[in-house]
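Next comes start31.cif, a file with mmCIF, C-alpha atoms.
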```cif
data_model
#
loop_
_atom_site.label_atom_id
_atom_site.label_comp_id
_atom_site.auth_asym_id
_atom_site.auth_seq_id
_atom_site.Cartn_x
_atom_site.Cartn_y
_atom_site.Cartn_z
CA MET C 70 58.82 37.82 -23.98
CA ASN C 71 56.52 40.75 -23.32
CA ARG C 72 53.14 39.98 -21.85
CA MET C 73 50.30 42.36 -22.31
CA ILE C 74 48.39 43.16 -19.18
CA PRO C 75 44.78 43.96 -19.97
CA THR C 76 43.71 47.34 -18.79
CA PHE C 77 40.26 48.38 -17.74
CA HIS C 78 39.25 51.74 -19.07
CA LEU C 79 36.64 53.46 -17.02
CA THR C 80 34.39 55.06 -19.59
CA PRO C 81 31.84 57.57 -18.36
CA PHE C 82 29.10 54.94 -18.64
CA ARG C 83 31.06 52.31 -16.70
CA TRP C 84 32.02 54.92 -14.12
CA LEU C 85 28.32 55.84 -13.64
CA LEU C 86 27.30 52.16 -13.41
CA ALA C 87 30.08 51.38 -10.89
CA SER C 88 29.07 54.40 -8.80
CA LEU C 89 25.42 53.38 -8.76
CA LEU C 90 26.23 49.80 -7.75
CA THR C 91 28.60 50.95 -5.03
CA GLY C 92 25.94 53.32 -3.70
CA LEU C 93 23.26 50.63 -3.70
CA LEU C 94 25.53 48.17 -1.90
CA ALA C 95 26.32 50.82 0.71
CA LEU C 96 22.60 51.29 1.42
CA MET C 97 21.86 47.56 1.84
CA PRO C 98 21.88 46.25 5.40
CA LEU C 99 24.65 43.86 6.25
CA PRO C 100 23.51 40.25 6.63
CA VAL C 101 23.34 39.02 10.19
CA TRP C 102 24.39 35.41 10.50
CA PRO C 103 23.28 33.41 13.53
CA ALA C 104 26.02 32.34 15.90
CA ASP C 105 27.04 28.74 15.40
CA ASP C 106 26.06 27.32 18.78
CA GLY C 107 25.91 23.75 17.55
CA PRO C 108 22.89 21.93 16.11
CA ARG C 109 19.68 23.87 16.08
CA ILE C 110 16.27 22.40 16.80
CA LEU C 111 13.73 22.97 14.06
CA GLU C 112 10.82 24.86 15.51
CA PRO C 113 7.51 23.23 14.60
CA ALA C 114 5.38 25.16 12.13
CA GLY C 115 2.13 24.20 13.84
CA GLU C 116 1.10 23.04 17.27
CA LEU C 117 2.90 19.71 17.13
CA MET C 118 3.00 18.28 20.62
CA LEU C 119 4.90 15.07 21.27
CA GLU C 120 4.21 13.64 24.69
CA SER C 121 6.78 11.35 26.29
CA ILE C 122 5.26 8.33 27.98
CA ARG C 123 6.46 5.46 30.17
CA ALA C 124 5.36 1.84 29.86
CA GLU C 125 2.99 2.22 32.81
CA ASP C 126 1.19 5.03 30.92
CA LEU C 127 0.06 2.69 28.12
CA PRO C 128 -3.10 1.36 29.86
CA GLY C 129 -4.17 4.96 30.48
CA LEU C 130 -3.72 5.81 26.79
CA LEU C 131 -5.83 2.83 25.77
CA ALA C 132 -8.62 3.42 28.32
CA PRO C 133 -10.39 6.28 26.46
CA HIS C 134 -10.64 4.02 23.38
CA GLN C 135 -12.57 1.25 25.14
CA GLY C 136 -15.15 -0.12 22.70
CA LYS C 137 -12.94 0.57 19.65
CA VAL C 138 -10.33 -1.42 17.80
CA VAL C 139 -7.00 0.25 18.58
CA LEU C 140 -3.90 -0.25 16.48
CA VAL C 141 -0.82 0.39 18.61
CA ASN C 142 2.11 1.03 16.27
CA PHE C 143 5.66 0.90 17.66
CA TRP C 144 8.02 2.60 15.20
CA ALA C 145 11.31 4.51 14.95
CA THR C 146 12.82 7.09 12.61
CA TRP C 147 15.75 4.76 11.84
CA CYS C 148 13.46 1.89 10.79
CA GLY C 149 12.88 1.82 7.01
CA PRO C 150 9.81 -0.47 7.07
CA CYS C 151 8.30 1.71 9.83
CA ILE C 152 8.61 4.83 7.68
CA HIS C 153 7.31 2.97 4.63
CA GLU C 154 4.07 1.99 6.36
CA ILE C 155 3.28 5.41 7.92
CA PRO C 156 1.35 6.62 4.81
CA ALA C 157 -0.71 3.40 4.89
CA LEU C 158 -1.56 3.92 8.56
CA LEU C 159 -2.45 7.59 7.99
CA SER C 160 -4.73 6.63 5.11
CA LEU C 161 -6.36 3.89 7.18
CA GLU C 162 -6.95 6.27 10.08
CA GLU C 163 -8.52 8.79 7.69
CA ARG C 164 -10.85 6.23 6.08
CA LEU C 165 -12.06 4.30 9.12
CA ASP C 166 -14.76 5.59 11.45
CA PRO C 167 -13.10 7.22 14.50
CA SER C 168 -15.93 5.96 16.70
CA SER C 169 -14.80 2.37 16.05
CA PHE C 170 -11.06 2.69 15.27
CA ALA C 171 -8.09 4.50 16.81
CA LEU C 172 -4.42 4.62 15.84
CA LEU C 173 -1.87 4.95 18.65
CA PRO C 174 1.70 5.35 17.33
CA ILE C 175 4.62 5.29 19.79
CA SER C 176 8.17 6.15 18.73
CA LEU C 177 10.89 3.92 20.16
CA ASP C 178 13.71 6.29 19.20
CA ASP C 179 16.42 6.80 21.80
CA PRO C 180 14.90 9.08 24.47
CA ALA C 181 18.08 11.18 24.47
CA ASP C 182 17.44 12.13 20.82
CA SER C 183 13.69 11.86 20.55
CA SER C 184 12.83 15.30 21.93
CA TRP C 185 14.17 16.96 18.76
CA LEU C 186 14.75 14.14 16.26
CA VAL C 187 11.23 12.74 16.16
CA GLU C 188 9.58 16.15 16.11
CA GLU C 189 11.78 17.31 13.22
CA PHE C 190 11.18 14.04 11.36
CA ILE C 191 7.39 14.35 11.69
CA GLN C 192 7.34 18.03 10.74
CA THR C 193 9.40 17.49 7.60
CA ARG C 194 8.02 14.12 6.42
CA PHE C 195 4.59 13.41 7.94
CA PRO C 196 3.03 16.53 9.51
CA ASN C 197 -0.29 14.70 10.13
CA TRP C 198 1.39 11.87 12.06
CA HIS C 199 0.53 12.23 15.75
CA SER C 200 2.80 10.07 17.85
CA TYR C 201 3.86 9.55 21.43
CA LEU C 202 7.51 9.15 22.42
CA SER C 203 8.75 6.31 24.59
CA ALA C 204 10.68 7.63 27.57
CA GLU C 205 11.93 4.13 28.43
CA PRO C 206 15.73 3.64 28.34
CA GLU C 207 15.23 0.31 26.49
CA ASP C 208 12.63 -0.13 23.74
CA TYR C 209 11.55 -3.58 24.90
CA LEU C 210 10.27 -2.13 28.20
CA MET C 211 7.51 -0.32 26.32
CA VAL C 212 6.57 -3.07 23.85
CA GLU C 213 6.54 -5.79 26.50
CA GLU C 214 3.54 -4.07 28.10
CA LEU C 215 1.58 -5.61 25.21
CA ASP C 216 3.87 -8.46 24.14
CA PRO C 217 6.11 -10.07 26.80
CA HIS C 218 7.65 -12.27 24.08
CA TRP C 219 8.42 -9.49 21.58
CA PRO C 220 11.33 -10.65 19.37
CA GLY C 221 12.63 -7.10 18.80
CA VAL C 222 11.12 -6.67 15.31
CA LEU C 223 10.04 -3.21 14.13
CA PRO C 224 7.56 -2.06 13.14
CA ALA C 225 5.53 -3.87 15.77
CA ASN C 226 1.76 -3.43 15.47
CA TYR C 227 -0.78 -4.69 17.98
CA LEU C 228 -4.53 -4.68 17.46
CA ILE C 229 -6.42 -4.27 20.70
CA GLY C 230 -10.05 -5.39 20.54
CA PRO C 231 -13.02 -3.33 21.76
CA GLY C 232 -12.88 -5.17 25.10
CA GLY C 233 -9.27 -4.16 25.70
CA ASN C 234 -7.76 -7.56 24.86
CA LEU C 235 -4.84 -8.16 22.49
CA ALA C 236 -6.53 -9.49 19.35
CA LYS C 237 -3.78 -9.62 16.71
CA THR C 238 -0.05 -9.02 16.28
CA LEU C 239 1.49 -7.73 13.04
CA LEU C 240 5.31 -7.66 13.07
CA GLY C 241 7.34 -6.20 10.21
CA GLY C 242 6.09 -3.89 7.46
CA HIS C 243 2.53 -4.19 6.14
CA THR C 244 0.44 -2.62 3.40
CA GLU C 245 -2.72 -0.60 3.91
CA GLU C 246 -4.76 -3.54 2.60
CA GLN C 247 -3.19 -5.91 5.12
CA PHE C 248 -3.86 -3.48 7.97
CA GLU C 249 -7.46 -2.94 6.87
CA GLU C 250 -8.09 -6.66 6.55
CA ALA C 251 -6.72 -7.28 10.06
CA VAL C 252 -8.72 -4.39 11.60
CA LEU C 253 -11.96 -5.49 9.93
CA GLU C 254 -11.34 -9.08 11.08
CA VAL C 255 -11.01 -7.92 14.70
CA MET C 256 -14.13 -5.73 14.34
CA THR C 257 -16.10 -8.67 12.93
CA GLN C 258 -14.93 -10.98 15.72
CA ALA C 259 -15.94 -8.40 18.31
CA ALA C 260 -19.38 -7.94 16.74
CA ASN C 261 -19.94 -11.72 16.49
CA PRO C 262 -18.35 -13.31 19.57
CA PRO C 263 -18.33 -17.11 19.65
CA PRO C 264 -21.12 -18.60 21.75
CA GLY C 265 -19.85 -19.33 25.22
#
```
Before we go any further, please render this structure as structure tokens.
Amino acid sequence: MNRMIPTFHLTPFRWLLASLLTGLLALMPLPVWPADDGPRILEPAGELMLESIRAEDLPGLLAPHQGKVVLVNFWATWCGPCIHEIPALLSLEERLDPSSFALLPISLDDPADSSWLVEEFIQTRFPNWHSYLSAEPEDYLMVEELDPHWPGVLPANYLIGPGGNLAKTLLGGHTEEQFEEAVLEVMTQAANPPPG
């Protein structure tokens, strides 16, 4: 059985087209691929600064907010409910008066990963989320500064009253409405202390 092998006839037009394409390809610079040196850290687009803190640094972070209601939010990139409530917390921070309310998020991601993981997560998902990073080897060491009986639930949110006292604990995921209700309750209690 004879098989026909297709032939390609180079007509003058095809010859001209092939020559032009070959010439153009010869003029183009060769692509330079980066060396594969393992995982690369995503460089932040803006001036994102994530400061690592220890448990003993927490009182110092709260001190400038004396006289405000402060919501301390312990979260992690691996925690679904934590990620789900970030937009609610950002919206709440945007709507409430900064002279009476402050949001203080602290990531409890593994310190070995947090230097690149948390920064990349924030840059790609929530560029307006300003968070600290726990430098503690165990997450409970940071949270127990506010809650010695913390059951290990994330997200863990603590409302600190204007006087610096722990006023309310919110464990697990919450909606913006639930956060706002809790913040306004603490503000009202602070404005109208019980007679003593």
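Take the candidates C:Leu119, C:Leu127, C:Leu159, C:Cys148 and check each one against C:Thr244 using all atoms listed in the file; the shortest distance goes to C:Leu159.
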Shortest contact to C:Leu130, candidates C:Ile229, C:Leu173, C:Ala157, C:Leu202, atoms counted all atoms listed in the file, goes to C:Leu173
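Atom pair atom CA of C:Val141 / atom CA of C:Leu215 has a distance of 9.2 Å (rounded to one decimal).
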From the options C:Leu210, C:Ala204, C:Ala124, C:Met256, which residue's atoms come nearest to C:Leu228, counting only C-alpha atoms?
C:Met256
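Residues selected in this file by the PyMOL selection byres ((chain C and resi 199) around 8) comprise Leu117, Leu119, Pro174, Pro196, Asn197, Trp198, Ser200 and Tyr201 of chain C.
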Those residues you just picked out, can you put them in a file as a PDB file, keeping the file's coordinate frame with C-alpha atoms?
```
ATOM      1  CA  LEU C 117       2.900  19.710  17.130  1.00  0.00           C
ATOM      2  CA  LEU C 119       4.900  15.070  21.270  1.00  0.00           C
ATOM      3  CA  PRO C 174       1.700   5.350  17.330  1.00  0.00           C
ATOM      4  CA  PRO C 196       3.030  16.530   9.510  1.00  0.00           C
ATOM      5  CA  ASN C 197      -0.290  14.700  10.130  1.00  0.00           C
ATOM      6  CA  TRP C 198       1.390  11.870  12.060  1.00  0.00           C
ATOM      7  CA  SER C 200       2.800  10.070  17.850  1.00  0.00           C
ATOM      8  CA  TYR C 201       3.860   9.550  21.430  1.00  0.00           C
TER       9      TYR C 201
END
```
With distances taken over all atoms listed in the file, the candidate from C:Pro150, C:Pro128, C:Pro264, C:Pro206 nearest C:Val222 is C:Pro150
Which residues, written as an MDAnalysis selection string, have at least one atom at most 7 Å from C:Ala171, with only C-alpha atoms counted and residues fewer than 2 positions away on the same chain left out?
chainID C and resid 137:140 167 173
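The gap separating atom CA of C:Thr257 from atom CA of C:Phe143 is 24.2 Å, in Å to one decimal.
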Atomic distance atom CA of C:Val187 - atom CA of C:Glu250, expressed in Å with one decimal
29.0 Å
As an MDAnalysis selection string, please: the residues near C:Gly232 (cut-off 12 Å, all atoms listed in the file, same-chain neighbours under 3 positions excluded).
chainID C and resid 131:139 169 228:229 235:236 255:256 258:260 262
For C:Leu177, which residue out of C:Ser203, C:Asn226, C:Gln192, C:Ser121 is the nearest one, using all atoms listed in the file?
C:Ser203
How would you write as a ChimeraX atom specification the residues that get within 10 Å of (8.3, 1.4, 4.9) in the file's frame, counting all atoms listed in the file?
/C:148-157,224,241-244
I'd like the residues picked by the PyMOL selection byres ((chain C and resi 178) around 8) written out as JSON, numbers by chain, using the chain letters and numbers from the file.
{"C": [144, 145, 146, 147, 176, 177, 179, 180, 182, 183, 187, 202, 203, 208]}
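Of the listed residues (C:Ala181, C:Leu161, C:Ile122, C:Val212), C:Leu161 comes nearest to C:Ala251; the distances count all atoms listed in the file.
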